[in-house]
file model.pdb (PDB, C-alpha atoms (C1' of nucleotides))
MODEL        1
ATOM      1  CA  MET A1134       4.589 -14.495   7.089
ATOM      2  CA  LEU A1135       8.018 -13.159   6.413
ATOM      3  CA  ASP A1136       6.849 -12.750   2.840
ATOM      4  CA  ILE A1137       4.681  -9.942   4.146
ATOM      5  CA  LEU A1138       6.765  -8.614   6.986
ATOM      6  CA  GLY A1139      10.290  -9.527   6.034
ATOM      7  CA  ASP A1140      11.077  -6.058   4.901
ATOM      8  CA  LYS A1141      12.181  -2.950   6.636
ATOM      9  CA  TRP A1142       9.676  -0.464   5.269
ATOM     10  CA  THR A1143       6.581  -2.568   5.813
ATOM     11  CA  LEU A1144       7.282  -2.886   9.499
ATOM     12  CA  LEU A1145       7.888   0.813   9.720
ATOM     13  CA  VAL A1146       4.513   1.625   8.215
ATOM     14  CA  VAL A1147       2.785  -0.804  10.541
ATOM     15  CA  ARG A1148       4.579   0.758  13.455
ATOM     16  CA  ASP A1149       3.402   4.232  12.459
ATOM     17  CA  LEU A1150      -0.160   3.053  12.092
ATOM     18  CA  LEU A1151      -0.146   1.100  15.273
ATOM     19  CA  LEU A1152       1.944   3.095  17.681
ATOM     20  CA  SER A1153       1.933   6.619  16.372
ATOM     21  CA  GLY A1154      -1.629   6.830  15.135
ATOM     22  CA  LYS A1155      -0.675   8.012  11.679
ATOM     23  CA  ARG A1156      -3.290   7.681   8.981
ATOM     24  CA  ARG A1157      -2.394   9.752   5.971
ATOM     25  CA  TYR A1158       0.129   9.412   3.235
ATOM     26  CA  GLY A1159       1.873  12.598   4.173
ATOM     27  CA  GLU A1160       2.170  11.548   7.778
ATOM     28  CA  PHE A1161       3.926   8.342   6.860
ATOM     29  CA  GLN A1162       6.286  10.264   4.646
ATOM     30  CA  SER A1163       7.206  12.577   7.455
ATOM     31  CA  SER A1164       8.562   9.818   9.678
ATOM     32  CA  PRO A1165      12.212  10.361  10.501
ATOM     33  CA  GLU A1166      13.291   7.351   8.462
ATOM     34  CA  SER A1167      12.040   9.113   5.313
ATOM     35  CA  ILE A1168      10.652   6.315   3.224
ATOM     36  CA  PRO A1169      10.815   6.924  -0.527
ATOM     37  CA  THR A1170       7.401   7.881  -1.810
ATOM     38  CA  ASN A1171       7.088   5.148  -4.399
ATOM     39  CA  ILE A1172       8.005   2.504  -1.844
ATOM     40  CA  LEU A1173       5.426   3.894   0.543
ATOM     41  CA  ALA A1174       2.697   3.665  -2.075
ATOM     42  CA  ASP A1175       3.736   0.131  -2.857
ATOM     43  CA  ARG A1176       3.809  -0.983   0.765
ATOM     44  CA  LEU A1177       0.412   0.467   1.512
ATOM     45  CA  LYS A1178      -0.966  -1.460  -1.420
ATOM     46  CA  ARG A1179       0.623  -4.676  -0.248
ATOM     47  CA  LEU A1180      -0.534  -4.197   3.292
ATOM     48  CA  GLU A1181      -4.038  -3.603   2.081
ATOM     49  CA  ALA A1182      -3.874  -6.680  -0.115
ATOM     50  CA  ALA A1183      -2.620  -8.688   2.847
ATOM     51  CA  GLY A1184      -5.523  -7.440   4.934
ATOM     52  CA  LEU A1185      -3.458  -5.636   7.528
ATOM     53  CA  VAL A1186      -4.648  -2.229   6.477
ATOM     54  CA  LYS A1187      -7.931  -0.757   5.308
ATOM     55  CA  LYS A1188      -8.062   2.226   2.988
ATOM     56  CA  GLU A1189     -10.988   4.595   3.370
ATOM     57  CA  PHE A1190     -11.756   7.699   1.377
ATOM     58  CA  TYR A1191     -12.864  10.669   3.386
ATOM     59  CA  GLN A1192     -13.529  12.858   0.353
ATOM     60  CA  ASP A1193     -14.030  12.396  -3.350
ATOM     61  CA  LYS A1194     -12.829  15.518  -5.111
ATOM     62  CA  PRO A1195      -9.941  15.263  -5.035
ATOM     63  CA  PRO A1196      -9.799  11.701  -3.756
ATOM     64  CA  ARG A1197      -8.238  11.629  -0.323
ATOM     65  CA  ALA A1198      -7.874   8.554   1.809
ATOM     66  CA  GLU A1199      -6.916   7.472   5.270
ATOM     67  CA  TYR A1200      -5.402   4.189   6.219
ATOM     68  CA  PHE A1201      -6.596   2.233   9.206
ATOM     69  CA  ILE A1202      -5.105  -0.818  10.768
ATOM     70  CA  THR A1203      -7.242  -3.940  10.868
ATOM     71  CA  ARG A1204      -7.560  -6.418  13.707
ATOM     72  CA  LYS A1205      -5.088  -8.631  11.906
ATOM     73  CA  GLY A1206      -2.607  -5.802  11.703
ATOM     74  CA  ALA A1207      -3.231  -4.645  15.232
ATOM     75  CA  ASP A1208      -2.404  -8.103  16.495
ATOM     76  CA  LEU A1209       1.163  -7.411  15.472
ATOM     77  CA  GLY A1210       1.362  -5.028  18.400
ATOM     78  CA  PRO A1211       3.079  -7.511  20.715
ATOM     79  CA  VAL A1212       5.667  -8.262  18.050
ATOM     80  CA  LEU A1213       6.477  -4.589  17.678
ATOM     81  CA  GLN A1214       6.606  -4.099  21.402
ATOM     82  CA  GLU A1215       9.061  -6.934  21.813
ATOM     83  CA  MET A1216      11.159  -5.511  19.036
ATOM     84  CA  ALA A1217      11.071  -2.108  20.669
ATOM     85  CA  GLN A1218      12.245  -3.577  23.940
ATOM     86  CA  TRP A1219      15.063  -5.388  22.265
ATOM     87  CA  GLY A1220      16.107  -2.268  20.433
ATOM     88  CA  GLN A1221      15.983  -0.288  23.631
ATOM     89  CA  LYS A1222      18.297  -2.745  25.301
ATOM     90  CA  TYR A1223      20.842  -3.199  22.560
ATOM     91  CA  ILE A1224      20.790  -0.293  20.219
ATOM     92  CA  PRO A1225      21.984   3.002  21.604
ATOM     93  CA  GLY A1226      19.888   5.984  20.780
ATOM     94  CA  VAL A1227      16.625   4.204  20.118
ATOM     95  CA  ILE A1228      13.794   6.348  21.331
ATOM     96  CA  THR A1229      10.746   4.424  22.390
ATOM     97  CA  PRO A1230       7.790   6.688  22.983
ATOM     98  CA  SER A1231       6.778   6.478  26.607
ATOM     99  CA  GLN A1232       3.175   6.036  25.678
ATOM    100  CA  PHE A1233       1.484   4.485  22.699
ATOM    101  CA  ASN A1234      -1.863   5.611  21.471
ATOM    102  CA  GLN A1235      -4.549   3.034  21.099
ATOM    103  CA  PRO A1236      -5.236   2.790  17.368
ATOM    104  CA  GLU A1237      -8.655   2.778  15.820
ATOM    105  CA  ILE A1238      -9.345  -0.557  14.260
ATOM    106  CA  ARG A1239     -11.407  -0.985  11.116
ATOM    107  CA  ASP A1240     -12.154  -4.196   9.315
TER     108      ASP A1240
ATOM    109  CA  MET B 466      17.410  -2.154  14.421
ATOM    110  CA  LEU B 467      15.489  -2.761  11.270
ATOM    111  CA  ASP B 468      18.782  -2.201   9.515
ATOM    112  CA  ILE B 469      19.846  -5.517  10.968
ATOM    113  CA  LEU B 470      16.570  -7.388  11.093
ATOM    114  CA  GLY B 471      14.479  -5.791   8.403
ATOM    115  CA  ASP B 472      15.071  -8.610   6.023
ATOM    116  CA  LYS B 473      13.492 -11.950   5.497
ATOM    117  CA  TRP B 474      16.552 -14.176   5.462
ATOM    118  CA  THR B 475      18.223 -12.742   8.521
ATOM    119  CA  LEU B 476      15.238 -13.520  10.703
ATOM    120  CA  LEU B 477      15.089 -17.000   9.290
ATOM    121  CA  VAL B 478      18.688 -17.697  10.230
ATOM    122  CA  VAL B 479      18.132 -16.353  13.723
ATOM    123  CA  ARG B 480      15.083 -18.542  14.040
ATOM    124  CA  ASP B 481      17.039 -21.623  13.047
ATOM    125  CA  LEU B 482      19.776 -20.820  15.521
ATOM    126  CA  LEU B 483      17.409 -19.987  18.290
ATOM    127  CA  LEU B 484      14.532 -22.385  17.936
ATOM    128  CA  SER B 485      15.857 -25.296  15.947
ATOM    129  CA  GLY B 486      19.324 -25.533  17.396
ATOM    130  CA  LYS B 487      21.059 -25.424  14.037
ATOM    131  CA  ARG B 488      24.743 -24.559  14.011
ATOM    132  CA  ARG B 489      26.329 -25.457  10.739
ATOM    133  CA  TYR B 490      26.218 -23.960   7.304
ATOM    134  CA  GLY B 491      24.716 -27.051   5.794
ATOM    135  CA  GLU B 492      21.976 -27.171   8.380
ATOM    136  CA  PHE B 493      20.879 -23.654   7.602
ATOM    137  CA  GLN B 494      20.831 -24.491   3.926
ATOM    138  CA  SER B 495      18.601 -27.456   4.515
ATOM    139  CA  SER B 496      15.775 -25.395   6.006
ATOM    140  CA  PRO B 497      12.595 -25.736   3.983
ATOM    141  CA  GLU B 498      12.748 -22.121   2.825
ATOM    142  CA  SER B 499      15.991 -22.933   0.967
ATOM    143  CA  ILE B 500      18.035 -19.800   1.322
ATOM    144  CA  PRO B 501      20.467 -19.148  -1.536
ATOM    145  CA  THR B 502      23.964 -20.063  -0.466
ATOM    146  CA  ASN B 503      25.561 -16.713  -1.171
ATOM    147  CA  ILE B 504      22.868 -14.931   0.794
ATOM    148  CA  LEU B 505      23.373 -17.288   3.682
ATOM    149  CA  ALA B 506      27.106 -16.587   3.768
ATOM    150  CA  ASP B 507      26.400 -12.878   3.656
ATOM    151  CA  ARG B 508      23.805 -12.963   6.432
ATOM    152  CA  LEU B 509      26.006 -14.979   8.714
ATOM    153  CA  LYS B 510      28.733 -12.408   8.233
ATOM    154  CA  ARG B 511      26.380  -9.571   8.994
ATOM    155  CA  LEU B 512      24.959 -11.274  12.033
ATOM    156  CA  GLU B 513      28.432 -11.877  13.325
ATOM    157  CA  ALA B 514      29.367  -8.254  12.679
ATOM    158  CA  ALA B 515      26.234  -7.152  14.516
ATOM    159  CA  GLY B 516      27.164  -9.351  17.473
ATOM    160  CA  LEU B 517      24.142 -11.616  17.305
ATOM    161  CA  VAL B 518      26.146 -14.633  16.306
ATOM    162  CA  LYS B 519      29.538 -16.043  17.227
ATOM    163  CA  LYS B 520      31.542 -18.126  14.800
ATOM    164  CA  GLU B 521      33.764 -20.834  16.230
ATOM    165  CA  PHE B 522      36.047 -23.210  14.405
ATOM    166  CA  TYR B 523      35.934 -26.766  15.574
ATOM    167  CA  GLN B 524      38.685 -27.996  13.251
ATOM    168  CA  ASP B 525      41.450 -26.486  11.165
ATOM    169  CA  LYS B 526      42.067 -28.720   8.176
ATOM    170  CA  PRO B 527      39.841 -28.130   6.425
ATOM    171  CA  PRO B 528      38.454 -25.150   8.327
ATOM    172  CA  ARG B 529      35.024 -25.955   9.680
ATOM    173  CA  ALA B 530      32.980 -23.691  11.862
ATOM    174  CA  GLU B 531      29.854 -23.644  13.943
ATOM    175  CA  TYR B 532      27.696 -20.661  14.622
ATOM    176  CA  PHE B 533      26.341 -19.922  18.056
ATOM    177  CA  ILE B 534      23.816 -17.370  19.097
ATOM    178  CA  THR B 535      24.937 -14.721  21.563
ATOM    179  CA  ARG B 536      22.976 -13.313  24.473
ATOM    180  CA  LYS B 537      22.065 -10.372  22.297
ATOM    181  CA  GLY B 538      20.731 -12.675  19.635
ATOM    182  CA  ALA B 539      18.986 -14.948  22.085
ATOM    183  CA  ASP B 540      17.095 -11.997  23.472
ATOM    184  CA  LEU B 541      15.224 -11.894  20.195
ATOM    185  CA  GLY B 542      13.436 -15.028  21.311
ATOM    186  CA  PRO B 543      10.314 -13.206  22.523
ATOM    187  CA  VAL B 544      10.082 -11.350  19.223
ATOM    188  CA  LEU B 545      10.196 -14.596  17.284
ATOM    189  CA  GLN B 546       7.674 -16.207  19.575
ATOM    190  CA  GLU B 547       5.244 -13.362  19.108
ATOM    191  CA  MET B 548       5.722 -13.574  15.386
ATOM    192  CA  ALA B 549       5.127 -17.295  15.487
ATOM    193  CA  GLN B 550       1.893 -16.785  17.389
ATOM    194  CA  TRP B 551       0.713 -14.194  14.958
ATOM    195  CA  GLY B 552       1.549 -16.438  12.040
ATOM    196  CA  GLN B 553      -0.259 -19.314  13.672
ATOM    197  CA  LYS B 554      -3.367 -17.232  14.058
ATOM    198  CA  TYR B 555      -3.494 -15.631  10.645
ATOM    199  CA  ILE B 556      -1.525 -17.660   8.186
ATOM    200  CA  PRO B 557      -2.945 -21.038   7.320
ATOM    201  CA  GLY B 558      -0.506 -23.868   7.216
ATOM    202  CA  VAL B 559       2.144 -22.410   9.483
ATOM    203  CA  ILE B 560       3.686 -25.164  11.492
ATOM    204  CA  THR B 561       5.005 -24.088  14.850
ATOM    205  CA  PRO B 562       7.091 -26.766  16.486
ATOM    206  CA  SER B 563       5.433 -27.840  19.693
ATOM    207  CA  GLN B 564       8.670 -27.586  21.585
ATOM    208  CA  PHE B 565      11.698 -25.376  21.188
ATOM    209  CA  ASN B 566      15.138 -26.438  22.220
ATOM    210  CA  GLN B 567      17.074 -24.221  24.549
ATOM    211  CA  PRO B 568      19.994 -22.865  22.551
ATOM    212  CA  GLU B 569      23.560 -22.781  23.755
ATOM    213  CA  ILE B 570      24.671 -19.222  24.193
ATOM    214  CA  ARG B 571      28.236 -18.086  23.548
ATOM    215  CA  ASP B 572      29.594 -14.595  23.835
TER     216      ASP B 572
ATOM    217  C1'  DG C1350      46.235 -43.962  -6.718
ATOM    218  C1'  DT C1351      42.038 -42.339  -8.808
ATOM    219  C1'  DC C1352      37.039 -41.310  -8.439
ATOM    220  C1'  DT C1353      33.274 -39.610  -5.830
ATOM    221  C1'  DA C1354      31.302 -37.292  -2.020
ATOM    222  C1'  DT C1355      30.861 -33.785   1.635
ATOM    223  C1'  DG C1356      31.106 -29.288   3.841
ATOM    224  C1'  DG C1357      31.595 -24.605   3.380
ATOM    225  C1'  DC C1358      31.962 -21.332   0.817
ATOM    226  C1'  DT C1359      32.981 -17.793  -3.552
ATOM    227  C1'  DT C1360      32.091 -16.099  -8.269
ATOM    228  C1'  DG C1361      29.410 -14.585 -12.359
ATOM    229  C1'  DC C1362      25.646 -12.765 -14.062
ATOM    230  C1'  DA C1363      20.570 -11.966 -15.101
ATOM    231  C1'  DA C1364      16.489 -10.352 -12.827
ATOM    232  C1'  DA C1365      14.147  -7.896  -9.343
ATOM    233  C1'  DA C1366      13.837  -4.349  -5.799
ATOM    234  C1'  DT C1367      15.239   0.100  -4.201
ATOM    235  C1'  DG C1368      16.205   5.117  -4.040
ATOM    236  C1'  DC C1369      16.071   9.588  -5.881
ATOM    237  C1'  DA C1370      14.242  13.238  -8.645
ATOM    238  C1'  DA C1371      10.737  14.906 -11.267
ATOM    239  C1'  DG C1372       6.113  15.034 -12.999
ATOM    240  C1'  DT C1373       0.917  14.775 -12.539
ATOM    241  C1'  DC C1374      -3.735  15.843 -11.031
ATOM    242  C1'  DA C1375      -7.309  18.141  -8.448
ATOM    243  C1'  DC C1376      -8.383  21.670  -5.962
ATOM    244  C1'  DA C1377      -7.776  25.934  -2.646
ATOM    245  C1'  DA C1378      -5.865  30.380  -1.432
ATOM    246  C1'  DG C1379      -3.727  34.821  -2.368
TER     247       DG C1379
ATOM    248  C1'  DC D 251      -3.143  33.262 -12.653
ATOM    249  C1'  DT D 252       0.560  31.963  -9.872
ATOM    250  C1'  DT D 253       1.745  29.288  -5.871
ATOM    251  C1'  DG D 254       0.855  25.623  -2.657
ATOM    252  C1'  DT D 255      -0.723  21.117  -0.785
ATOM    253  C1'  DG D 256      -1.772  16.204  -0.701
ATOM    254  C1'  DA D 257      -1.352  11.959  -2.788
ATOM    255  C1'  DC D 258       0.524   9.710  -5.767
ATOM    256  C1'  DT D 259       3.036   7.844 -10.507
ATOM    257  C1'  DT D 260       6.918   7.560 -13.701
ATOM    258  C1'  DG D 261      11.698   7.088 -15.289
ATOM    259  C1'  DC D 262      15.972   5.558 -14.553
ATOM    260  C1'  DA D 263      20.463   4.458 -12.242
ATOM    261  C1'  DT D 264      22.116   1.712  -8.411
ATOM    262  C1'  DT D 265      21.840  -2.102  -5.309
ATOM    263  C1'  DT D 266      20.352  -6.483  -3.825
ATOM    264  C1'  DT D 267      18.745 -10.961  -4.900
ATOM    265  C1'  DG D 268      18.560 -15.581  -6.835
ATOM    266  C1'  DC D 269      20.323 -19.299  -9.391
ATOM    267  C1'  DA D 270      23.918 -22.090 -11.200
ATOM    268  C1'  DA D 271      28.436 -23.285 -11.245
ATOM    269  C1'  DG D 272      33.006 -23.519  -9.453
ATOM    270  C1'  DC D 273      36.541 -24.321  -5.781
ATOM    271  C1'  DC D 274      39.233 -26.322  -2.000
ATOM    272  C1'  DA D 275      40.490 -29.677   1.472
ATOM    273  C1'  DT D 276      39.828 -34.083   3.059
ATOM    274  C1'  DA D 277      37.595 -38.709   3.761
ATOM    275  C1'  DG D 278      36.010 -42.946   1.951
ATOM    276  C1'  DA D 279      35.100 -46.275  -2.011
ATOM    277  C1'  DC D 280      37.028 -48.944  -5.541
TER     278       DC D 280
ENDMDL
END
call {"tool": "encode", "arguments": {"input": "model.pdb", "output": "structure tokens"}}
result
Amino acid sequence: MLDILGDKWTLLVVRDLLLSGKRRYGEFQSSPESIPTNILADRLKRLEAAGLVKKEFYQDKPPRAEYFITRKGADLGPVLQEMAQWGQKYIPGVITPSQFNQPEIRD
Amino acid sequence: MLDILGDKWTLLVVRDLLLSGKRRYGEFQSSPESIPTNILADRLKRLEAAGLVKKEFYQDKPPRAEYFITRKGADLGPVLQEMAQWGQKYIPGVITPSQFNQPEIRD
DNA sequence: GTCTATGGCTTGCAAAATGCAAGTCACAAG
DNA sequence: CTTGTGACTTGCATTTTGCAAGCCATAGAC
């Protein structure tokens, strides 16, 4: 399990998918933590391989895709929420969004 | 937050402290995931610096210490439990101990 | 006394992962 | 036909990891 999630950037991508409703490459890149682009590509691949994320093309020329969270990935919600609470309590300046959007799940 | 926890080995050490009641260097080393010894030393230092762990010497010659979880560290319990549940559900062969021990907290 | 073991680390170094900048590819707009 | 956008890939220097070995103090075995 920690082989998949034991890594800063992976969790961040899952968080964006799950709590912020981000779907596109550019949206992930624009997160304030500014993930390096090659790492982002790599993590999306790994997450897809691990079945936490589904990649779907919404056009062919040029190929453009969106990333959706799967049920398996969405079930990490409680973990992220607990982490958010902990961060809120102990780390000054953590901003937890007051409301989460409910992500669209695709399997 | 992920600066502290976004790393496989750190979480593993916290888990051992929190759920398995381990306190000594050798006990952490003997976990089935077999953390490299230099990494272990480094993570314990970081955890102490981050205030999740307290190091206490129980003898002087030779110096021998035990590591205790702090309140701050113990509050990660719910996160670990959620992770454990997720792992149980999705990763075959994860063994969750049927009972956790209640850790001694030192601040 | 000398050898071996134990606990808790540190050191050296090769291998892997990361971070940054730059390049690519397909198209769309001005 | 030059510029821009989105989604990546590539190259390479830096950092982190993993493995083995070494070290230090003391306790127990012979």
call {"tool": "calpha_fit_and_write", "arguments": {"input": "model.pdb", "fixed": "chain A", "moving": "chain B", "output": "PDB file with C-alpha atoms, in the frame of the given file"}}
result
ATOM      1  CA  MET B 466       4.574 -14.482   7.035  1.00  0.00           C
ATOM      2  CA  LEU B 467       8.006 -13.163   6.352  1.00  0.00           C
ATOM      3  CA  ASP B 468       6.801 -12.727   2.803  1.00  0.00           C
ATOM      4  CA  ILE B 469       4.648  -9.928   4.133  1.00  0.00           C
ATOM      5  CA  LEU B 470       6.759  -8.617   6.974  1.00  0.00           C
ATOM      6  CA  GLY B 471      10.281  -9.539   6.022  1.00  0.00           C
ATOM      7  CA  ASP B 472      11.075  -6.065   4.899  1.00  0.00           C
ATOM      8  CA  LYS B 473      12.184  -2.954   6.637  1.00  0.00           C
ATOM      9  CA  TRP B 474       9.672  -0.464   5.291  1.00  0.00           C
ATOM     10  CA  THR B 475       6.587  -2.564   5.816  1.00  0.00           C
ATOM     11  CA  LEU B 476       7.255  -2.890   9.521  1.00  0.00           C
ATOM     12  CA  LEU B 477       7.876   0.810   9.754  1.00  0.00           C
ATOM     13  CA  VAL B 478       4.507   1.623   8.233  1.00  0.00           C
ATOM     14  CA  VAL B 479       2.770  -0.808  10.555  1.00  0.00           C
ATOM     15  CA  ARG B 480       4.548   0.771  13.477  1.00  0.00           C
ATOM     16  CA  ASP B 481       3.383   4.227  12.478  1.00  0.00           C
ATOM     17  CA  LEU B 482      -0.181   3.039  12.099  1.00  0.00           C
ATOM     18  CA  LEU B 483      -0.162   1.090  15.287  1.00  0.00           C
ATOM     19  CA  LEU B 484       1.907   3.097  17.704  1.00  0.00           C
ATOM     20  CA  SER B 485       1.889   6.627  16.391  1.00  0.00           C
ATOM     21  CA  GLY B 486      -1.663   6.830  15.159  1.00  0.00           C
ATOM     22  CA  LYS B 487      -0.709   7.999  11.690  1.00  0.00           C
ATOM     23  CA  ARG B 488      -3.311   7.655   8.964  1.00  0.00           C
ATOM     24  CA  ARG B 489      -2.427   9.726   5.970  1.00  0.00           C
ATOM     25  CA  TYR B 490       0.111   9.380   3.234  1.00  0.00           C
ATOM     26  CA  GLY B 491       1.845  12.574   4.173  1.00  0.00           C
ATOM     27  CA  GLU B 492       2.144  11.532   7.783  1.00  0.00           C
ATOM     28  CA  PHE B 493       3.900   8.329   6.871  1.00  0.00           C
ATOM     29  CA  GLN B 494       6.267  10.263   4.664  1.00  0.00           C
ATOM     30  CA  SER B 495       7.164  12.589   7.474  1.00  0.00           C
ATOM     31  CA  SER B 496       8.518   9.827   9.709  1.00  0.00           C
ATOM     32  CA  PRO B 497      12.168  10.384  10.542  1.00  0.00           C
ATOM     33  CA  GLU B 498      13.262   7.363   8.514  1.00  0.00           C
ATOM     34  CA  SER B 499      11.995   9.117   5.360  1.00  0.00           C
ATOM     35  CA  ILE B 500      10.630   6.314   3.263  1.00  0.00           C
ATOM     36  CA  PRO B 501      10.803   6.902  -0.496  1.00  0.00           C
ATOM     37  CA  THR B 502       7.397   7.866  -1.792  1.00  0.00           C
ATOM     38  CA  ASN B 503       7.092   5.134  -4.384  1.00  0.00           C
ATOM     39  CA  ILE B 504       8.000   2.503  -1.826  1.00  0.00           C
ATOM     40  CA  LEU B 505       5.427   3.879   0.548  1.00  0.00           C
ATOM     41  CA  ALA B 506       2.695   3.661  -2.083  1.00  0.00           C
ATOM     42  CA  ASP B 507       3.744   0.116  -2.861  1.00  0.00           C
ATOM     43  CA  ARG B 508       3.815  -1.000   0.772  1.00  0.00           C
ATOM     44  CA  LEU B 509       0.430   0.458   1.505  1.00  0.00           C
ATOM     45  CA  LYS B 510      -0.954  -1.469  -1.436  1.00  0.00           C
ATOM     46  CA  ARG B 511       0.628  -4.673  -0.255  1.00  0.00           C
ATOM     47  CA  LEU B 512      -0.541  -4.201   3.290  1.00  0.00           C
ATOM     48  CA  GLU B 513      -4.038  -3.603   2.062  1.00  0.00           C
ATOM     49  CA  ALA B 514      -3.860  -6.693  -0.137  1.00  0.00           C
ATOM     50  CA  ALA B 515      -2.624  -8.700   2.838  1.00  0.00           C
ATOM     51  CA  GLY B 516      -5.538  -7.441   4.929  1.00  0.00           C
ATOM     52  CA  LEU B 517      -3.468  -5.635   7.527  1.00  0.00           C
ATOM     53  CA  VAL B 518      -4.657  -2.231   6.472  1.00  0.00           C
ATOM     54  CA  LYS B 519      -7.947  -0.767   5.299  1.00  0.00           C
ATOM     55  CA  LYS B 520      -8.076   2.206   2.978  1.00  0.00           C
ATOM     56  CA  GLU B 521     -10.997   4.585   3.335  1.00  0.00           C
ATOM     57  CA  PHE B 522     -11.767   7.680   1.331  1.00  0.00           C
ATOM     58  CA  TYR B 523     -12.891  10.647   3.322  1.00  0.00           C
ATOM     59  CA  GLN B 524     -13.537  12.878   0.309  1.00  0.00           C
ATOM     60  CA  ASP B 525     -14.017  12.458  -3.416  1.00  0.00           C
ATOM     61  CA  LYS B 526     -12.767  15.575  -5.155  1.00  0.00           C
ATOM     62  CA  PRO B 527      -9.890  15.290  -5.060  1.00  0.00           C
ATOM     63  CA  PRO B 528      -9.760  11.715  -3.787  1.00  0.00           C
ATOM     64  CA  ARG B 529      -8.217  11.618  -0.344  1.00  0.00           C
ATOM     65  CA  ALA B 530      -7.874   8.546   1.780  1.00  0.00           C
ATOM     66  CA  GLU B 531      -6.934   7.457   5.249  1.00  0.00           C
ATOM     67  CA  TYR B 532      -5.424   4.165   6.199  1.00  0.00           C
ATOM     68  CA  PHE B 533      -6.605   2.223   9.200  1.00  0.00           C
ATOM     69  CA  ILE B 534      -5.115  -0.823  10.775  1.00  0.00           C
ATOM     70  CA  THR B 535      -7.254  -3.949  10.878  1.00  0.00           C
ATOM     71  CA  ARG B 536      -7.558  -6.433  13.712  1.00  0.00           C
ATOM     72  CA  LYS B 537      -5.085  -8.633  11.907  1.00  0.00           C
ATOM     73  CA  GLY B 538      -2.617  -5.797  11.702  1.00  0.00           C
ATOM     74  CA  ALA B 539      -3.226  -4.645  15.240  1.00  0.00           C
ATOM     75  CA  ASP B 540      -2.386  -8.095  16.505  1.00  0.00           C
ATOM     76  CA  LEU B 541       1.180  -7.399  15.479  1.00  0.00           C
ATOM     77  CA  GLY B 542       1.381  -5.024  18.409  1.00  0.00           C
ATOM     78  CA  PRO B 543       3.110  -7.511  20.725  1.00  0.00           C
ATOM     79  CA  VAL B 544       5.692  -8.252  18.047  1.00  0.00           C
ATOM     80  CA  LEU B 545       6.496  -4.574  17.674  1.00  0.00           C
ATOM     81  CA  GLN B 546       6.647  -4.093  21.409  1.00  0.00           C
ATOM     82  CA  GLU B 547       9.101  -6.929  21.802  1.00  0.00           C
ATOM     83  CA  MET B 548      11.185  -5.502  19.019  1.00  0.00           C
ATOM     84  CA  ALA B 549      11.104  -2.106  20.653  1.00  0.00           C
ATOM     85  CA  GLN B 550      12.299  -3.588  23.926  1.00  0.00           C
ATOM     86  CA  TRP B 551      15.097  -5.413  22.236  1.00  0.00           C
ATOM     87  CA  GLY B 552      16.137  -2.281  20.403  1.00  0.00           C
ATOM     88  CA  GLN B 553      16.043  -0.312  23.616  1.00  0.00           C
ATOM     89  CA  LYS B 554      18.340  -2.783  25.278  1.00  0.00           C
ATOM     90  CA  TYR B 555      20.888  -3.236  22.534  1.00  0.00           C
ATOM     91  CA  ILE B 556      20.812  -0.308  20.197  1.00  0.00           C
ATOM     92  CA  PRO B 557      22.024   2.965  21.611  1.00  0.00           C
ATOM     93  CA  GLY B 558      19.944   5.968  20.819  1.00  0.00           C
ATOM     94  CA  VAL B 559      16.661   4.217  20.150  1.00  0.00           C
ATOM     95  CA  ILE B 560      13.855   6.372  21.365  1.00  0.00           C
ATOM     96  CA  THR B 561      10.788   4.472  22.440  1.00  0.00           C
ATOM     97  CA  PRO B 562       7.835   6.741  23.018  1.00  0.00           C
ATOM     98  CA  SER B 563       6.808   6.538  26.636  1.00  0.00           C
ATOM     99  CA  GLN B 564       3.192   6.112  25.703  1.00  0.00           C
ATOM    100  CA  PHE B 565       1.485   4.536  22.734  1.00  0.00           C
ATOM    101  CA  ASN B 566      -1.871   5.644  21.496  1.00  0.00           C
ATOM    102  CA  GLN B 567      -4.574   3.070  21.103  1.00  0.00           C
ATOM    103  CA  PRO B 568      -5.246   2.787  17.384  1.00  0.00           C
ATOM    104  CA  GLU B 569      -8.670   2.777  15.819  1.00  0.00           C
ATOM    105  CA  ILE B 570      -9.347  -0.570  14.262  1.00  0.00           C
ATOM    106  CA  ARG B 571     -11.418  -0.990  11.107  1.00  0.00           C
ATOM    107  CA  ASP B 572     -12.186  -4.195   9.305  1.00  0.00           C
TER     108      ASP B 572
END
call {"tool": "residues_around", "arguments": {"input": "model.pdb", "residues": "DG1379 in chain C", "least_positions_apart": "3", "cutoff": "12 Å", "atoms": "only C-alpha atoms (C1' of nucleotides)", "output": "ChimeraX atom specification"}}
result
/D:251-254
call {"tool": "write_last_selection", "arguments": {"input": "model.pdb", "atoms": "C-alpha atoms (C1' of nucleotides)", "output": "PDB file, keeping the file's coordinate frame"}}
result
ATOM      1  C1'  DC D 251      -3.143  33.262 -12.653  1.00  0.00           C
ATOM      2  C1'  DT D 252       0.560  31.963  -9.872  1.00  0.00           C
ATOM      3  C1'  DT D 253       1.745  29.288  -5.871  1.00  0.00           C
ATOM      4  C1'  DG D 254       0.855  25.623  -2.657  1.00  0.00           C
TER       5       DG D 254
END
call {"tool": "atom_distance", "arguments": {"input": "model.pdb", "atom1": "CA of Phe1190 in chain A", "atom2": "CA of Asp1175 in chain A"}}
result
17.8 Å
call {"tool": "resolve_selection", "arguments": {"input": "model.pdb", "expression": "the PyMOL selection byres ((chain A and resi 1156) around 12)", "output": "number ranges by chain"}}
result
A: 1146-1155, 1157-1163, 1177, 1186-1191, 1197-1202, 1236-1238
call {"tool": "closest_atom_pairs", "arguments": {"input": "model.pdb", "of": "chain D", "to": "chain B", "cutoff": "8 Å", "atoms": "only C-alpha atoms (C1' of nucleotides)", "output": "tab-separated table"}}
result
residue	atom	partner	partner_atom	distance
D:DG268	C1'	B:Pro501	CA	6.7
D:DC269	C1'	B:Pro501	CA	7.9
D:DA275	C1'	B:Pro527	CA	5.2
D:DT276	C1'	B:Pro527	CA	6.8
